[in-house]
file work_39.csv (CSV, C-alpha atoms)
chain,number,residue,atom,x,y,z
J,967,MET,CA,-49.3,57.8,37.7
J,968,GLU,CA,-45.6,57.1,37.2
J,969,ASN,CA,-45.4,55.5,40.7
J,970,LYS,CA,-48.3,53.1,39.8
J,971,THR,CA,-46.6,52.2,36.6
J,972,ASP,CA,-43.3,51.6,38.2
J,973,SER,CA,-44.9,49.5,41.0
J,974,SER,CA,-46.8,47.4,38.4
J,975,PHE,CA,-43.6,46.9,36.4
J,976,GLU,CA,-41.6,45.8,39.5
J,977,ARG,CA,-44.4,43.3,40.5
J,978,SER,CA,-44.3,41.9,36.9
J,979,ILE,CA,-40.5,41.5,37.0
J,980,LEU,CA,-40.7,39.9,40.4
J,981,PHE,CA,-43.4,37.5,39.3
J,982,ARG,CA,-41.5,36.5,36.2
J,983,VAL,CA,-38.3,35.9,38.2
J,984,VAL,CA,-40.1,33.8,40.8
J,985,ALA,CA,-41.9,31.8,38.0
J,986,ILE,CA,-38.5,31.1,36.3
J,987,ILE,CA,-37.0,29.9,39.5
J,988,VAL,CA,-40.0,27.6,40.2
J,989,CYS,CA,-39.8,26.1,36.7
J,990,ILE,CA,-36.1,25.4,37.1
J,991,ILE,CA,-36.7,23.8,40.6
J,992,ILE,CA,-39.5,21.6,39.2
J,993,ALA,CA,-37.2,20.6,36.3
J,994,CYS,CA,-34.4,19.6,38.6
J,995,ILE,CA,-36.7,17.7,41.0
J,996,SER,CA,-38.1,15.8,38.0
J,997,PHE,CA,-34.8,15.0,36.4
J,998,PHE,CA,-32.7,14.2,39.5
J,999,GLY,CA,-35.4,12.8,41.8
J,1000,LEU,CA,-38.6,11.6,40.2
J,1001,ALA,CA,-36.9,10.1,37.2
J,1002,LYS,CA,-35.1,7.6,39.4
J,1003,SER,CA,-38.3,6.6,41.2
J,1004,TYR,CA,-40.5,6.3,38.2
J,1005,SER,CA,-38.0,4.5,36.0
J,1006,SER,CA,-36.9,1.9,38.6
J,1007,PRO,CA,-38.8,-1.4,38.9
J,1008,GLU,CA,-37.8,-1.6,42.6
J,1009,SER,CA,-39.3,1.7,43.6
J,1010,LYS,CA,-42.4,1.8,45.8
J,1011,ILE,CA,-44.2,3.7,43.0
J,1012,ASN,CA,-43.8,0.9,40.5
J,1013,LYS,CA,-43.5,-2.1,42.8
J,1014,GLU,CA,-47.2,-2.7,43.3
J,1015,THR,CA,-47.9,-2.5,39.5
J,1016,ILE,CA,-45.1,-4.8,38.6
J,1017,LYS,CA,-46.1,-7.3,41.3
J,1018,TYR,CA,-49.6,-7.5,39.8
J,1019,LEU,CA,-48.2,-8.0,36.3
J,1020,ASP,CA,-45.9,-10.7,37.6
J,1021,GLU,CA,-48.9,-12.5,39.2
J,1022,LYS,CA,-50.7,-12.3,35.8
J,1023,LYS,CA,-47.7,-13.6,34.0
J,1024,THR,CA,-47.4,-16.6,36.4
J,1025,THR,CA,-51.1,-17.3,35.9
J,1026,ALA,CA,-50.8,-17.2,32.1
J,1027,LEU,CA,-47.7,-19.5,32.2
J,1028,GLU,CA,-49.6,-22.0,34.4
J,1029,LEU,CA,-52.5,-22.0,32.1
J,1030,SER,CA,-50.2,-22.5,29.1
J,1031,ALA,CA,-48.4,-25.4,30.9
J,1032,SER,CA,-51.7,-27.0,32.0
J,1033,ALA,CA,-53.2,-26.8,28.5
J,1034,THR,CA,-50.0,-28.4,27.1
J,1035,ALA,CA,-50.1,-31.2,29.7
J,1036,VAL,CA,-53.7,-32.0,29.1
J,1037,SER,CA,-53.2,-31.9,25.4
J,1038,THR,CA,-50.4,-34.4,25.7
J,1039,LEU,CA,-52.6,-36.6,28.0
J,1040,ILE,CA,-55.3,-36.7,25.4
J,1041,THR,CA,-52.9,-37.8,22.6
J,1042,LEU,CA,-52.1,-40.9,24.7
J,1043,ALA,CA,-55.6,-42.2,24.3
J,1044,PRO,CA,-56.2,-44.9,21.7
J,1045,GLY,CA,-57.8,-43.7,18.4
J,1046,ASP,CA,-58.1,-40.2,16.9
J,1047,ASP,CA,-61.2,-39.1,18.7
J,1048,GLY,CA,-59.4,-36.7,21.0
J,1049,THR,CA,-57.0,-35.3,18.4
J,1050,PRO,CA,-59.2,-32.2,17.6
J,1051,VAL,CA,-59.4,-31.4,21.3
J,1052,ALA,CA,-55.7,-31.9,21.8
J,1053,ASN,CA,-54.9,-29.6,18.9
J,1054,LYS,CA,-57.3,-26.9,20.2
J,1055,LEU,CA,-55.5,-27.0,23.6
J,1056,MET,CA,-52.1,-26.7,22.0
J,1057,ASP,CA,-53.4,-23.6,20.1
J,1058,LEU,CA,-54.7,-22.2,23.4
J,1059,ALA,CA,-51.2,-22.8,24.9
J,1060,GLY,CA,-49.7,-20.6,22.2
J,1061,TYR,CA,-52.2,-17.8,22.8
J,1062,PHE,CA,-51.3,-17.8,26.5
J,1063,LEU,CA,-47.7,-17.2,25.5
J,1064,ILE,CA,-48.8,-14.2,23.5
J,1065,VAL,CA,-50.5,-12.9,26.7
J,1066,VAL,CA,-47.2,-13.4,28.5
J,1067,SER,CA,-45.4,-11.3,25.9
J,1068,ALA,CA,-47.9,-8.5,26.3
J,1069,ILE,CA,-47.4,-8.5,30.1
J,1070,TYR,CA,-43.6,-8.2,29.6
J,1071,LEU,CA,-44.2,-5.3,27.2
J,1072,GLU,CA,-46.3,-3.6,29.8
J,1073,LYS,CA,-43.6,-4.0,32.5
J,1074,TYR,CA,-40.9,-2.6,30.2
J,1075,LEU,CA,-43.1,0.3,29.1
J,1076,LEU,CA,-43.9,1.2,32.7
J,1077,THR,CA,-40.3,2.0,33.5
J,1078,ILE,CA,-39.4,3.3,30.0
J,1079,LEU,CA,-42.2,5.8,29.9
J,1080,GLY,CA,-41.4,6.8,33.5
J,1081,ALA,CA,-37.9,7.6,32.5
J,1082,LEU,CA,-39.0,9.4,29.3
J,1083,THR,CA,-41.6,11.5,31.1
J,1084,PHE,CA,-39.8,12.6,34.2
J,1085,LYS,CA,-36.2,12.7,32.9
J,1086,TRP,CA,-36.9,14.4,29.6
J,1087,LEU,CA,-40.4,15.6,28.8
J,1088,ILE,CA,-41.2,17.4,32.1
J,1089,PRO,CA,-37.8,19.1,32.4
J,1090,ILE,CA,-38.0,20.2,28.8
J,1091,SER,CA,-41.5,21.6,29.3
J,1092,MET,CA,-40.4,23.5,32.5
J,1093,LEU,CA,-37.4,25.0,30.6
J,1094,ALA,CA,-39.8,26.1,27.8
J,1095,LEU,CA,-42.1,27.7,30.4
J,1096,ALA,CA,-39.0,29.4,32.0
J,1097,VAL,CA,-38.1,30.8,28.6
J,1098,TYR,CA,-41.6,32.1,28.2
J,1099,PHE,CA,-41.5,33.9,31.5
J,1100,GLY,CA,-38.2,35.4,30.5
J,1101,SER,CA,-39.1,36.4,26.9
J,1102,LYS,CA,-42.9,36.7,27.1
J,1103,LYS,CA,-43.2,34.9,23.8
J,1104,GLU,CA,-46.5,33.0,23.5
J,1105,LEU,CA,-44.9,30.1,21.5
J,1106,PHE,CA,-42.8,28.9,24.4
J,1107,TRP,CA,-45.9,28.8,26.7
J,1108,LYS,CA,-47.8,26.6,24.3
J,1109,ILE,CA,-44.8,24.3,23.7
J,1110,GLY,CA,-44.2,23.9,27.5
J,1111,VAL,CA,-47.8,23.2,28.4
J,1112,LYS,CA,-48.3,20.8,25.5
J,1113,ILE,CA,-45.2,18.8,26.3
J,1114,PHE,CA,-46.1,18.7,30.0
J,1115,ILE,CA,-49.6,17.4,29.3
J,1116,PHE,CA,-48.4,14.9,26.7
J,1117,GLY,CA,-45.7,13.5,29.1
J,1118,LEU,CA,-48.2,12.9,32.0
J,1119,ALA,CA,-50.6,11.3,29.6
J,1120,ILE,CA,-48.2,8.7,28.1
J,1121,TYR,CA,-46.9,7.8,31.6
J,1122,ALA,CA,-50.4,7.4,33.0
J,1123,VAL,CA,-51.4,4.8,30.3
J,1124,ILE,CA,-49.9,1.7,32.0
J,1125,PRO,CA,-50.9,2.5,35.6
J,1126,VAL,CA,-54.5,3.4,34.6
J,1127,SER,CA,-54.8,0.3,32.4
J,1128,VAL,CA,-53.5,-1.9,35.2
J,1129,HIS,CA,-56.0,-0.4,37.7
J,1130,VAL,CA,-58.9,-1.0,35.3
J,1131,SER,CA,-57.6,-4.6,34.6
J,1132,LYS,CA,-57.5,-5.3,38.3
J,1133,MET,CA,-61.2,-4.6,38.7
J,1134,ILE,CA,-62.1,-6.9,35.8
J,1135,TYR,CA,-59.5,-9.6,36.6
J,1136,SER,CA,-60.4,-9.9,40.3
J,1137,THR,CA,-64.0,-11.0,39.3
J,1138,TYR,CA,-62.7,-14.0,37.3
J,1139,GLN,CA,-59.6,-14.8,39.2
J,1140,GLU,CA,-61.2,-17.6,41.3
J,1141,SER,CA,-62.5,-19.4,38.2
J,1142,ILE,CA,-59.1,-19.2,36.5
J,1143,ASP,CA,-57.3,-20.6,39.6
J,1144,ALA,CA,-59.9,-23.4,39.7
J,1145,THR,CA,-59.2,-24.3,36.1
J,1146,ILE,CA,-55.5,-24.5,36.8
J,1147,ASP,CA,-56.1,-26.7,39.9
J,1148,GLU,CA,-58.5,-29.0,37.9
J,1149,ALA,CA,-56.0,-29.4,35.2
J,1150,ASN,CA,-53.2,-30.3,37.7
J,1151,ASP,CA,-55.5,-32.7,39.5
J,1152,LEU,CA,-56.3,-34.4,36.1
J,1153,ALA,CA,-52.6,-34.8,35.3
J,1154,ASP,CA,-51.9,-36.1,38.8
J,1155,GLU,CA,-54.7,-38.7,38.5
J,1156,SER,CA,-53.4,-39.8,35.1
J,1157,GLU,CA,-49.9,-40.2,36.5
J,1158,ALA,CA,-51.2,-42.2,39.5
J,1159,SER,CA,-53.2,-44.5,37.2
J,1160,LYS,CA,-50.1,-45.1,35.2
J,1161,ASP,CA,-48.2,-46.0,38.3
J,1162,ASP,CA,-51.0,-48.4,39.3
J,1163,ASP,CA,-50.9,-50.1,35.9
J,1164,LYS,CA,-47.1,-50.6,36.2
J,1165,ASP,CA,-47.5,-52.1,39.7
J,1166,SER,CA,-50.3,-54.4,38.5
J,1167,LYS,CA,-48.1,-55.6,35.6
J,1168,LYS,CA,-45.3,-56.4,37.9
J,1169,SER,CA,-47.5,-58.4,40.2
J,1170,LYS,CA,-48.9,-60.6,37.4
J,1171,ASP,CA,-47.9,-64.1,36.9
J,1172,THR,CA,-44.7,-64.3,34.9
J,1173,GLU,CA,-46.1,-67.2,32.9
J,1174,SER,CA,-48.9,-65.1,31.4
J,1175,SER,CA,-48.6,-64.6,27.7
J,1176,PHE,CA,-47.4,-61.4,26.0
J,1177,ILE,CA,-50.8,-61.0,24.3
J,1178,ASP,CA,-52.7,-61.1,27.6
J,1179,LYS,CA,-50.4,-58.5,29.0
J,1180,ALA,CA,-51.0,-56.3,26.0
J,1181,LYS,CA,-54.8,-56.7,26.3
J,1182,ASP,CA,-54.8,-55.8,29.9
J,1183,ALA,CA,-52.6,-52.7,29.3
J,1184,VAL,CA,-54.8,-51.4,26.5
J,1185,ASN,CA,-58.0,-52.0,28.6
J,1186,SER,CA,-56.6,-50.1,31.5
J,1187,VAL,CA,-55.5,-47.2,29.4
J,1188,LYS,CA,-58.9,-47.0,27.7
J,1189,ASN,CA,-60.7,-47.0,31.1
J,1190,THR,CA,-58.3,-44.3,32.5
J,1191,LEU,CA,-58.3,-42.0,29.5
J,1192,SER,CA,-62.0,-42.3,28.8
J,1193,VAL,CA,-62.7,-40.6,32.1
J,1194,THR,CA,-59.9,-38.1,31.3
J,1195,ALA,CA,-61.2,-37.3,27.9
J,1196,ASN,CA,-64.7,-36.5,29.3
J,1197,SER,CA,-63.1,-34.2,31.9
J,1198,VAL,CA,-61.0,-32.5,29.3
J,1199,LYS,CA,-63.9,-31.7,27.0
J,1200,ASN,CA,-65.5,-29.8,29.9
J,1201,MET,CA,-62.3,-28.1,30.7
J,1202,VAL,CA,-61.6,-26.7,27.2
J,1203,ASN,CA,-64.4,-24.1,27.7
J,1204,LYS,CA,-62.8,-23.1,31.0
J,1205,PHE,CA,-59.4,-22.6,29.3
J,1206,ILE,CA,-61.1,-20.5,26.6
J,1207,ASP,CA,-62.8,-18.4,29.3
J,1208,GLY,CA,-59.5,-17.9,31.1
J,1209,LEU,CA,-57.8,-16.9,27.9
J,1210,ALA,CA,-60.5,-14.4,27.0
J,1211,VAL,CA,-60.2,-12.7,30.5
J,1212,LEU,CA,-56.4,-12.5,30.1
J,1213,ILE,CA,-56.6,-11.1,26.6
J,1214,VAL,CA,-59.2,-8.5,27.7
J,1215,THR,CA,-57.3,-7.4,30.8
J,1216,THR,CA,-53.8,-7.6,29.2
J,1217,CYS,CA,-54.3,-6.5,25.6
J,1218,LEU,CA,-57.7,-4.9,25.0
J,1219,ILE,CA,-57.9,-2.7,28.1
J,1220,PRO,CA,-54.4,-1.1,27.5
J,1221,VAL,CA,-55.4,-0.4,23.9
J,1222,LEU,CA,-58.7,1.2,24.9
J,1223,VAL,CA,-56.8,3.3,27.6
J,1224,ILE,CA,-54.3,4.5,24.9
J,1225,VAL,CA,-57.2,5.4,22.6
J,1226,PHE,CA,-58.9,7.3,25.4
J,1227,PHE,CA,-55.7,9.3,26.3
J,1228,ILE,CA,-55.0,10.0,22.6
J,1229,TRP,CA,-58.5,11.5,22.4
J,1230,LEU,CA,-58.1,13.4,25.6
J,1231,VAL,CA,-54.7,14.8,24.6
J,1232,LYS,CA,-56.0,15.9,21.2
J,1233,LEU,CA,-59.0,17.5,23.0
J,1234,VAL,CA,-56.7,19.5,25.4
J,1235,LEU,CA,-54.0,20.3,23.0
J,1236,GLY,CA,-56.4,21.2,20.2
J,1237,SER,CA,-58.1,23.8,22.4
J,1238,ALA,CA,-56.7,27.3,22.8
J,1239,ILE,CA,-54.0,27.3,25.5
J,1240,SER,CA,-53.7,30.9,26.6
J,1241,SER,CA,-50.7,32.2,28.5
J,1242,PRO,CA,-51.2,34.1,31.9
J,1243,GLY,CA,-50.2,37.3,30.1
J,1244,ALA,CA,-52.9,36.9,27.4
J,1245,VAL,CA,-55.5,36.1,30.1
J,1246,ALA,CA,-54.5,39.2,32.1
J,1247,MET,CA,-54.7,41.4,28.9
J,1248,ARG,CA,-58.2,40.1,28.2
J,1249,GLY,CA,-59.2,40.7,31.8
J,1250,GLY,CA,-57.9,44.3,31.6
J,1251,LYS,CA,-59.8,44.9,28.4
J,1252,ASP,CA,-63.0,43.6,29.9
J,1253,ASN,CA,-62.6,45.8,32.9
J,1254,LYS,CA,-62.1,48.9,30.7
J,1255,HIS,CA,-65.2,47.9,28.7
J,1256,ASP,CA,-67.2,47.6,31.9
J,1257,ASN,CA,-66.0,51.0,33.2
J,1258,ARG,CA,-67.2,52.6,30.0
call {"tool": "encode", "arguments": {"input": "work_39.csv", "output": "structure tokens"}}
result
Amino acid sequence: MENKTDSSFERSILFRVVAIIVCIIIACISFFGLAKSYSSPESKINKETIKYLDEKKTTALELSASATAVSTLITLAPGDDGTPVANKLMDLAGYFLIVVSAIYLEKYLLTILGALTFKWLIPISMLALAVYFGSKKELFWKIGVKIFIFGLAIYAVIPVSVHVSKMIYSTYQESIDATIDEANDLADESEASKDDDKDSKKSKDTESSFIDKAKDAVNSVKNTLSVTANSVKNMVNKFIDGLAVLIVTTCLIPVLVIVFFIWLVKLVLGSAISSPGAVAMRGGKDNKHDNR
């Protein structure tokens, strides 16, 4: 009986020593190795995510610039008929800049949360678990497991939201690119028409009166910008669609992912987190009950 007790005690000591060593090794790997990879924007782990965010930032900036250019083009038209449309486009340009700010925030959080998780939270959780295996106090087990789950959850927010955003954004990417190209073509046509007007003015007879020149200029501007205004009215809806897609994929999806992870963490941390010792004790009691 004593030999069995001694053997069980030795196995328990050996298991605890091995568990402490494993926790310390994981803490060192996380602090000295993984923290550098997950907190660096140049690492392979974060490079693909940051590349996607940079592409979305470029798209948002192009849409903002296109909306501003088209708004300026409308204001050149005689009369005030296009003023509401021009103002609306200027408002959209401001909203696109908000999307750009959200993209920058996601990029910074990706590296900041990576450093926080793998340089601090996971090593701290492993040290708490090591203390548990050394002291057998249930409190350190619960603290270690909770910190570990919380650290992984907050880091996963950005990568998961980016993955979900990719699936949604890829569906509408072609229409957004087409809107940018159409706005650029519209601006190019306007510039070309202005150049043609200048050339035609130079080629006119120098003896023509100032009033005739003014009439010709106004007529040419009206003809050019009437077509432009009609095109812009159809384009406003496309800008709004593009803005809606960017807001959903850049702002709404991350918020929903955060809410989901908060619910998941509360669900996991709110449940009973039993230590290996407590599980073993319950198992022993169940076996004794079955033997009886």
call {"tool": "residues_around", "arguments": {"input": "work_39.csv", "residues": "segment 1107-1112 of chain J", "least_positions_apart": "4", "cutoff": "6 Å", "atoms": "all atoms listed in the file", "output": "JSON, numbers by chain"}}
result
{"J": [1091, 1094, 1095, 1098]}
call {"tool": "atom_distance", "arguments": {"input": "work_39.csv", "atom1": "atom CA of Thr1137 of chain J", "atom2": "atom CA of Gly1208 of chain J"}}
result
11.6 Å
call {"tool": "residues_around", "arguments": {"input": "work_39.csv", "residues": "Phe1099 of chain J", "least_positions_apart": "2", "cutoff": "7 Å", "atoms": "only C-alpha atoms", "output": "NGL selection string"}}
result
:J and (982 or 985-986 or 1095-1097 or 1101-1102)
call {"tool": "atom_distance", "arguments": {"input": "work_39.csv", "atom1": "atom CA of Ala1001 of chain J", "atom2": "atom CA of Gly1080 of chain J"}}
result
6.7 Å
call {"tool": "atom_distance", "arguments": {"input": "work_39.csv", "atom1": "atom CA of Met1201 of chain J", "atom2": "atom CA of Thr1145 of chain J"}}
result
7.3 Å
call {"tool": "closest_residue", "arguments": {"input": "work_39.csv", "among": "J:Phe1227, J:Ile1064, J:Ile1219, J:Tyr1004", "to": "Phe1116 of chain J", "atoms": "only C-alpha atoms"}}
result
J:Phe1227
call {"tool": "residues_around", "arguments": {"input": "work_39.csv", "residues": "Ala1149 of chain J", "least_positions_apart": "3", "cutoff": "8 Å", "atoms": "all atoms listed in the file", "output": "PDB file with C-alpha atoms, in the coordinates of the input"}}
result
ATOM      1  CA  SER J1032     -51.700 -27.000  32.000  1.00  0.00           C
ATOM      2  CA  ALA J1033     -53.200 -26.800  28.500  1.00  0.00           C
ATOM      3  CA  VAL J1036     -53.700 -32.000  29.100  1.00  0.00           C
ATOM      4  CA  THR J1145     -59.200 -24.300  36.100  1.00  0.00           C
ATOM      5  CA  ILE J1146     -55.500 -24.500  36.800  1.00  0.00           C
ATOM      6  CA  LEU J1152     -56.300 -34.400  36.100  1.00  0.00           C
ATOM      7  CA  ALA J1153     -52.600 -34.800  35.300  1.00  0.00           C
ATOM      8  CA  MET J1201     -62.300 -28.100  30.700  1.00  0.00           C
TER       9      MET J1201
END
call {"tool": "closest_residue", "arguments": {"input": "work_39.csv", "among": "J:Ile1115, J:Leu1055, J:Ile1078, J:Ala1068", "to": "Val1214 of chain J", "atoms": "only C-alpha atoms"}}
result
J:Ala1068
call {"tool": "closest_residue", "arguments": {"input": "work_39.csv", "among": "J:Tyr1018, J:Trp1229, J:Tyr1061, J:Tyr1138", "to": "Lys1204 of chain J", "atoms": "all atoms listed in the file"}}
result
J:Tyr1138
call {"tool": "residues_around", "arguments": {"input": "work_39.csv", "residues": "Thr1015 of chain J", "least_positions_apart": "3", "cutoff": "12 Å", "atoms": "all atoms listed in the file", "output": "PyMOL selection string"}}
result
chain J and resi 1004+1006-1012+1018-1022+1069+1072-1077+1124-1132
call {"tool": "closest_atom_pairs", "arguments": {"input": "work_39.csv", "of": "segment 1091-1158 of chain J", "to": "segment 996-1000 of chain J", "cutoff": "12 Å", "atoms": "all atoms listed in the file", "output": "CSV"}}
result
residue,atom,partner,partner_atom,distance
J:Ser1091,CA,J:Ser996,CA,11.0
J:Met1092,CA,J:Ser996,CA,9.7
J:Leu1093,CA,J:Ser996,CA,11.8
J:Phe1114,CA,J:Ser996,CA,11.7
J:Gly1117,CA,J:Ser996,CA,11.9
